[in-house]
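Participant: Have a peek at input.pdb (PDB, C-alpha atoms).
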ATOM      1  CA  MET A   1     -12.493  -1.620  18.952  1.00  0.00           C
ATOM      2  CA  LYS A   2     -16.004  -1.970  17.569  1.00  0.00           C
ATOM      3  CA  MET A   3     -18.436   0.860  18.189  1.00  0.00           C
ATOM      4  CA  ASN A   4     -22.102   0.447  18.880  1.00  0.00           C
ATOM      5  CA  ALA A   5     -24.744   2.621  17.184  1.00  0.00           C
ATOM      6  CA  LYS A   6     -24.653   5.336  19.877  1.00  0.00           C
ATOM      7  CA  GLN A   7     -20.871   5.512  19.769  1.00  0.00           C
ATOM      8  CA  LYS A   8     -20.886   5.715  15.960  1.00  0.00           C
ATOM      9  CA  ALA A   9     -23.385   8.576  16.083  1.00  0.00           C
ATOM     10  CA  TYR A  10     -21.304  10.383  18.730  1.00  0.00           C
ATOM     11  CA  HIS A  11     -18.119   9.815  16.679  1.00  0.00           C
ATOM     12  CA  LYS A  12     -19.822  11.268  13.602  1.00  0.00           C
ATOM     13  CA  ALA A  13     -21.060  14.275  15.582  1.00  0.00           C
ATOM     14  CA  LEU A  14     -17.549  14.911  16.907  1.00  0.00           C
ATOM     15  CA  ILE A  15     -16.117  14.809  13.373  1.00  0.00           C
ATOM     16  CA  GLN A  16     -18.747  17.339  12.332  1.00  0.00           C
ATOM     17  CA  SER A  17     -17.755  19.449  15.350  1.00  0.00           C
ATOM     18  CA  VAL A  18     -14.163  19.453  14.066  1.00  0.00           C
ATOM     19  CA  HIS A  19     -15.259  20.973  10.765  1.00  0.00           C
ATOM     20  CA  VAL A  20     -17.391  23.713  12.314  1.00  0.00           C
ATOM     21  CA  SER A  21     -14.927  24.631  15.092  1.00  0.00           C
ATOM     22  CA  LYS A  22     -13.409  28.091  15.442  1.00  0.00           C
ATOM     23  CA  LYS A  23      -9.819  27.281  14.488  1.00  0.00           C
ATOM     24  CA  TYR A  24     -10.788  24.960  11.670  1.00  0.00           C
ATOM     25  CA  ARG A  25     -13.082  27.522   9.990  1.00  0.00           C
ATOM     26  CA  ALA A  26     -10.706  30.440  10.603  1.00  0.00           C
ATOM     27  CA  TYR A  27      -7.488  28.798   9.475  1.00  0.00           C
ATOM     28  CA  TYR A  28      -7.222  25.062   8.848  1.00  0.00           C
ATOM     29  CA  LYS A  29     -10.055  24.859   6.329  1.00  0.00           C
ATOM     30  CA  ASP A  30      -7.795  26.639   3.839  1.00  0.00           C
ATOM     31  CA  ASN A  31      -4.535  25.090   5.112  1.00  0.00           C
ATOM     32  CA  LYS A  32      -5.204  21.365   4.873  1.00  0.00           C
ATOM     33  CA  GLU A  33      -1.530  20.321   4.994  1.00  0.00           C
ATOM     34  CA  GLU A  34      -0.954  22.196   8.261  1.00  0.00           C
ATOM     35  CA  TYR A  35      -4.186  20.735   9.677  1.00  0.00           C
ATOM     36  CA  GLN A  36      -2.982  17.229   8.849  1.00  0.00           C
ATOM     37  CA  ASP A  37       0.453  17.979  10.318  1.00  0.00           C
ATOM     38  CA  VAL A  38      -1.152  19.091  13.607  1.00  0.00           C
ATOM     39  CA  MET A  39      -3.173  15.855  13.794  1.00  0.00           C
ATOM     40  CA  GLU A  40      -0.137  13.745  12.969  1.00  0.00           C
ATOM     41  CA  LYS A  41       2.004  15.392  15.665  1.00  0.00           C
ATOM     42  CA  ALA A  42      -0.745  15.047  18.266  1.00  0.00           C
ATOM     43  CA  PHE A  43      -2.376  11.721  17.388  1.00  0.00           C
ATOM     44  CA  GLY A  44      -0.250  10.009  14.736  1.00  0.00           C
ATOM     45  CA  VAL A  45      -2.936  10.195  12.028  1.00  0.00           C
ATOM     46  CA  ARG A  46      -3.726  12.575   9.172  1.00  0.00           C
ATOM     47  CA  SER A  47      -7.527  12.258   9.186  1.00  0.00           C
ATOM     48  CA  SER A  48      -9.999  13.014  11.950  1.00  0.00           C
ATOM     49  CA  LYS A  49     -12.145  10.094  10.786  1.00  0.00           C
ATOM     50  CA  VAL A  50      -9.741   7.566  12.284  1.00  0.00           C
ATOM     51  CA  LEU A  51      -9.419   9.271  15.662  1.00  0.00           C
ATOM     52  CA  THR A  52     -10.958   7.633  18.706  1.00  0.00           C
ATOM     53  CA  ILE A  53     -13.801   9.345  20.527  1.00  0.00           C
ATOM     54  CA  ASP A  54     -11.443  10.410  23.345  1.00  0.00           C
ATOM     55  CA  ALA A  55      -8.960  11.879  20.868  1.00  0.00           C
ATOM     56  CA  LEU A  56     -11.752  13.685  19.017  1.00  0.00           C
ATOM     57  CA  VAL A  57     -12.991  15.236  22.280  1.00  0.00           C
ATOM     58  CA  LEU A  58      -9.468  16.584  22.943  1.00  0.00           C
ATOM     59  CA  PHE A  59      -9.085  17.794  19.368  1.00  0.00           C
ATOM     60  CA  VAL A  60     -12.476  19.569  19.275  1.00  0.00           C
ATOM     61  CA  SER A  61     -11.721  21.203  22.615  1.00  0.00           C
ATOM     62  CA  TRP A  62      -8.416  22.513  21.234  1.00  0.00           C
ATOM     63  CA  LEU A  63      -9.998  23.655  17.962  1.00  0.00           C
ATOM     64  CA  ASN A  64     -12.670  25.557  19.895  1.00  0.00           C
ATOM     65  CA  GLU A  65      -9.984  27.182  22.084  1.00  0.00           C
ATOM     66  CA  ARG A  66     -11.156  25.528  25.304  1.00  0.00           C
ATOM     67  CA  SER A  67      -7.768  23.831  25.659  1.00  0.00           C
ATOM     68  CA  ASP A  68      -4.315  25.294  25.056  1.00  0.00           C
ATOM     69  CA  THR A  69      -2.396  22.136  24.225  1.00  0.00           C
ATOM     70  CA  LEU A  70      -2.624  18.884  22.335  1.00  0.00           C
ATOM     71  CA  PRO A  71      -0.865  15.671  23.297  1.00  0.00           C
ATOM     72  CA  VAL A  72       2.399  14.724  21.602  1.00  0.00           C
ATOM     73  CA  PHE A  73       2.166  11.448  19.714  1.00  0.00           C
ATOM     74  CA  MET A  74       4.918   8.968  20.454  1.00  0.00           C
ATOM     75  CA  PRO A  75       4.813   5.936  18.143  1.00  0.00           C
ATOM     76  CA  GLU A  76       5.505   2.562  19.707  1.00  0.00           C
ATOM     77  CA  ALA A  77       9.053   1.409  18.963  1.00  0.00           C
ATOM     78  CA  LEU A  78       9.711  -1.808  17.096  1.00  0.00           C
ATOM     79  CA  SER A  79      10.474  -4.796  19.286  1.00  0.00           C
ATOM     80  CA  ASP A  80      13.646  -6.859  19.159  1.00  0.00           C
ATOM     81  CA  ALA A  81      11.607  -9.729  17.683  1.00  0.00           C
ATOM     82  CA  GLN A  82      10.289  -7.450  14.924  1.00  0.00           C
ATOM     83  CA  GLU A  83      13.776  -6.199  14.117  1.00  0.00           C
ATOM     84  CA  HIS A  84      15.081  -9.773  13.943  1.00  0.00           C
ATOM     85  CA  ALA A  85      12.147 -10.879  11.729  1.00  0.00           C
ATOM     86  CA  LEU A  86      12.542  -7.855   9.464  1.00  0.00           C
ATOM     87  CA  ARG A  87      16.282  -8.409   9.001  1.00  0.00           C
ATOM     88  CA  ASP A  88      15.821 -12.171   8.472  1.00  0.00           C
ATOM     89  CA  LEU A  89      13.066 -11.718   5.871  1.00  0.00           C
ATOM     90  CA  TRP A  90      15.094  -9.000   4.147  1.00  0.00           C
ATOM     91  CA  GLN A  91      18.133 -11.283   3.888  1.00  0.00           C
ATOM     92  CA  ARG A  92      15.995 -13.939   2.174  1.00  0.00           C
ATOM     93  CA  TYR A  93      14.129 -11.477  -0.081  1.00  0.00           C
ATOM     94  CA  ALA A  94      16.593  -8.875  -1.340  1.00  0.00           C
ATOM     95  CA  ARG A  95      19.473  -8.945  -3.774  1.00  0.00           C
ATOM     96  CA  ASP A  96      20.886  -5.849  -2.079  1.00  0.00           C
ATOM     97  CA  THR A  97      20.716  -6.766   1.613  1.00  0.00           C
ATOM     98  CA  SER A  98      22.242  -3.511   2.866  1.00  0.00           C
ATOM     99  CA  GLU A  99      20.604  -1.509   5.615  1.00  0.00           C
ATOM    100  CA  ALA A 100      20.120   1.402   3.194  1.00  0.00           C
ATOM    101  CA  ALA A 101      18.149  -0.858   0.850  1.00  0.00           C
ATOM    102  CA  LEU A 102      16.064  -2.166   3.759  1.00  0.00           C
ATOM    103  CA  LEU A 103      15.312   1.390   4.884  1.00  0.00           C
ATOM    104  CA  GLY A 104      14.295   2.259   1.313  1.00  0.00           C
ATOM    105  CA  PHE A 105      11.921  -0.701   1.264  1.00  0.00           C
ATOM    106  CA  VAL A 106      10.384   0.281   4.618  1.00  0.00           C
ATOM    107  CA  HIS A 107       9.968   3.825   3.277  1.00  0.00           C
ATOM    108  CA  ARG A 108       8.125   2.548   0.184  1.00  0.00           C
ATOM    109  CA  VAL A 109       5.835   0.337   2.268  1.00  0.00           C
ATOM    110  CA  SER A 110       5.110   2.738   5.132  1.00  0.00           C
ATOM    111  CA  ARG A 111       5.651   6.091   3.358  1.00  0.00           C
ATOM    112  CA  LYS A 112       7.791   7.178   6.305  1.00  0.00           C
ATOM    113  CA  PRO A 113      11.533   7.819   5.928  1.00  0.00           C
ATOM    114  CA  TYR A 114      13.923   6.368   8.531  1.00  0.00           C
ATOM    115  CA  MET A 115      17.636   6.937   9.109  1.00  0.00           C
ATOM    116  CA  ASN A 116      18.254   3.726  11.093  1.00  0.00           C
ATOM    117  CA  VAL A 117      16.492   0.361  11.446  1.00  0.00           C
ATOM    118  CA  ARG A 118      16.213   0.836  15.244  1.00  0.00           C
ATOM    119  CA  LEU A 119      14.188   4.035  14.639  1.00  0.00           C
ATOM    120  CA  ILE A 120      11.438   2.249  12.674  1.00  0.00           C
ATOM    121  CA  ASP A 121       8.152   2.350  14.572  1.00  0.00           C
ATOM    122  CA  LYS A 122       6.104  -0.749  15.333  1.00  0.00           C
ATOM    123  CA  GLU A 123       3.376  -0.007  12.771  1.00  0.00           C
ATOM    124  CA  SER A 124       5.854   0.500   9.912  1.00  0.00           C
ATOM    125  CA  ALA A 125       7.771  -2.628  10.885  1.00  0.00           C
ATOM    126  CA  THR A 126       4.537  -4.637  10.873  1.00  0.00           C
ATOM    127  CA  LYS A 127       3.679  -3.355   7.385  1.00  0.00           C
ATOM    128  CA  ALA A 128       7.149  -4.205   6.061  1.00  0.00           C
ATOM    129  CA  ILE A 129       7.170  -7.669   7.650  1.00  0.00           C
ATOM    130  CA  THR A 130       3.716  -8.426   6.245  1.00  0.00           C
ATOM    131  CA  ALA A 131       4.749  -7.270   2.771  1.00  0.00           C
ATOM    132  CA  LEU A 132       7.910  -9.384   2.857  1.00  0.00           C
ATOM    133  CA  LYS A 133       6.048 -12.458   4.075  1.00  0.00           C
ATOM    134  CA  LYS A 134       3.449 -12.104   1.309  1.00  0.00           C
ATOM    135  CA  THR A 135       6.168 -11.689  -1.300  1.00  0.00           C
ATOM    136  CA  LEU A 136       8.020 -14.758  -0.009  1.00  0.00           C
ATOM    137  CA  GLY A 137       4.759 -16.759   0.149  1.00  0.00           C
ATOM    138  CA  GLU A 138       4.777 -17.110   3.942  1.00  0.00           C
ATOM    139  CA  ARG A 139       1.993 -16.602   6.442  1.00  0.00           C
TER     140      ARG A 139
END
Could you rewrite the structure in this file as structure tokens?

Facilitator:
Amino acid sequence: MKMNAKQKAYHKALIQSVHVSKKYRAYYKDNKEEYQDVMEKAFGVRSSKVLTIDALVLFVSWLNERSDTLPVFMPEALSDAQEHALRDLWQRYARDTSEAALLGFVHRVSRKPYMNVRLIDKESATKAITALKKTLGER
């Protein structure tokens, strides 16, 4: 979603509010990995810059101790069509067409480890499918 000038300014102000908040200054400023883990568990991202305005409002409220909880991020699951496309492209691309090899490829592309193809989230599947299509010269 594109932001207009007012929304961009508000977004920037909210990001600044994150970095001057109580919890951030007291703890997360010196514990960047834990800060990123909190954002990933709540919003599915590791940087406040990519959060939406609504998510930033929630996050700033929590960091300033006006809210006790953060949401729990649930990634969208891959669709049956994505799984079929991923498996089909993998069969045409790979020498080792095993599921373990496919999971290793998805891990390299998405930087997220998976134990089973059905557990791959939609975003990671999209990245893997795009990479395979580019490698195979497809659109």

Participant: Name all residues at most 12 Å from A:Val109 (count all atoms listed in the file; drop same-chain ones fewer than 6 positions away) and give them as a PyMOL selection string.

Facilitator: chain A and resi 102-103+120+123-132

Participant: Would you translate the PyMOL selection byres ((chain A and resi 89) around 10) into the concrete set of residues it matches in this file, as a count of residues only?

Facilitator: 19

Participant: Name the residues captured by the PyMOL selection byres ((chain A and resi 15-25) around 7) when it is applied to the shown file; answer as a PyMOL selection string.

Facilitator: chain A and resi 11-14+26-29+48-49+60+63-64

Participant: Would you write out those residues with C-alpha atoms, as a JSON list (two decimals), in the coordinates of the input?

Facilitator:
[["chain", "number", "residue", "atom", "x", "y", "z"],
["A", 11, "HIS", "CA", -18.12, 9.82, 16.68],
["A", 12, "LYS", "CA", -19.82, 11.27, 13.60],
["A", 13, "ALA", "CA", -21.06, 14.28, 15.58],
["A", 14, "LEU", "CA", -17.55, 14.91, 16.91],
["A", 26, "ALA", "CA", -10.71, 30.44, 10.60],
["A", 27, "TYR", "CA", -7.49, 28.80, 9.48],
["A", 28, "TYR", "CA", -7.22, 25.06, 8.85],
["A", 29, "LYS", "CA", -10.06, 24.86, 6.33],
["A", 48, "SER", "CA", -10.00, 13.01, 11.95],
["A", 49, "LYS", "CA", -12.14, 10.09, 10.79],
["A", 60, "VAL", "CA", -12.48, 19.57, 19.27],
["A", 63, "LEU", "CA", -10.00, 23.66, 17.96],
["A", 64, "ASN", "CA", -12.67, 25.56, 19.90]]

Participant: Taking into account only C-alpha atoms, which residue in the set A:Gln82, A:Lys8, A:Glu33, A:Glu99 is nearest to A:Val50?

Facilitator: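 Distance minimum relative to A:Val50 lands on A:Lys8.
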
Participant: One decimal, in Å: what's the spacing between atom CA of A:Gln36 and atom CA of A:Trp62?

Facilitator: 14.5 Å

Participant: Evaluating the PyMOL selection byres ((chain A and resi 38) around 12) on the displayed file yields which residues, as a list in words?

Facilitator: Lys23, Tyr24, Tyr28, Asn31, Lys32, Glu33, Glu34, Tyr35, Gln36, Asp37, Met39, Glu40, Lys41, Ala42, Phe43, Gly44, Val45, Arg46, Ser47, Ser48, Phe59, Trp62, Leu63, Thr69, Leu70, Pro71, Val72 and Phe73 of chain A

Participant: One decimal, Å: what's the distance from atom CA of A:Ala100 over to atom CA of A:Val117, could you say?

Facilitator: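 Going from atom CA of A:Ala100 over to atom CA of A:Val117 covers 9.1 Å.
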
Participant: One number please: atom CA of A:Ala55 to atom CA of A:Tyr10, in Å, one decimal.

Facilitator: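 Result for atom CA of A:Ala55 versus atom CA of A:Tyr10: 12.6 Å, one decimal.
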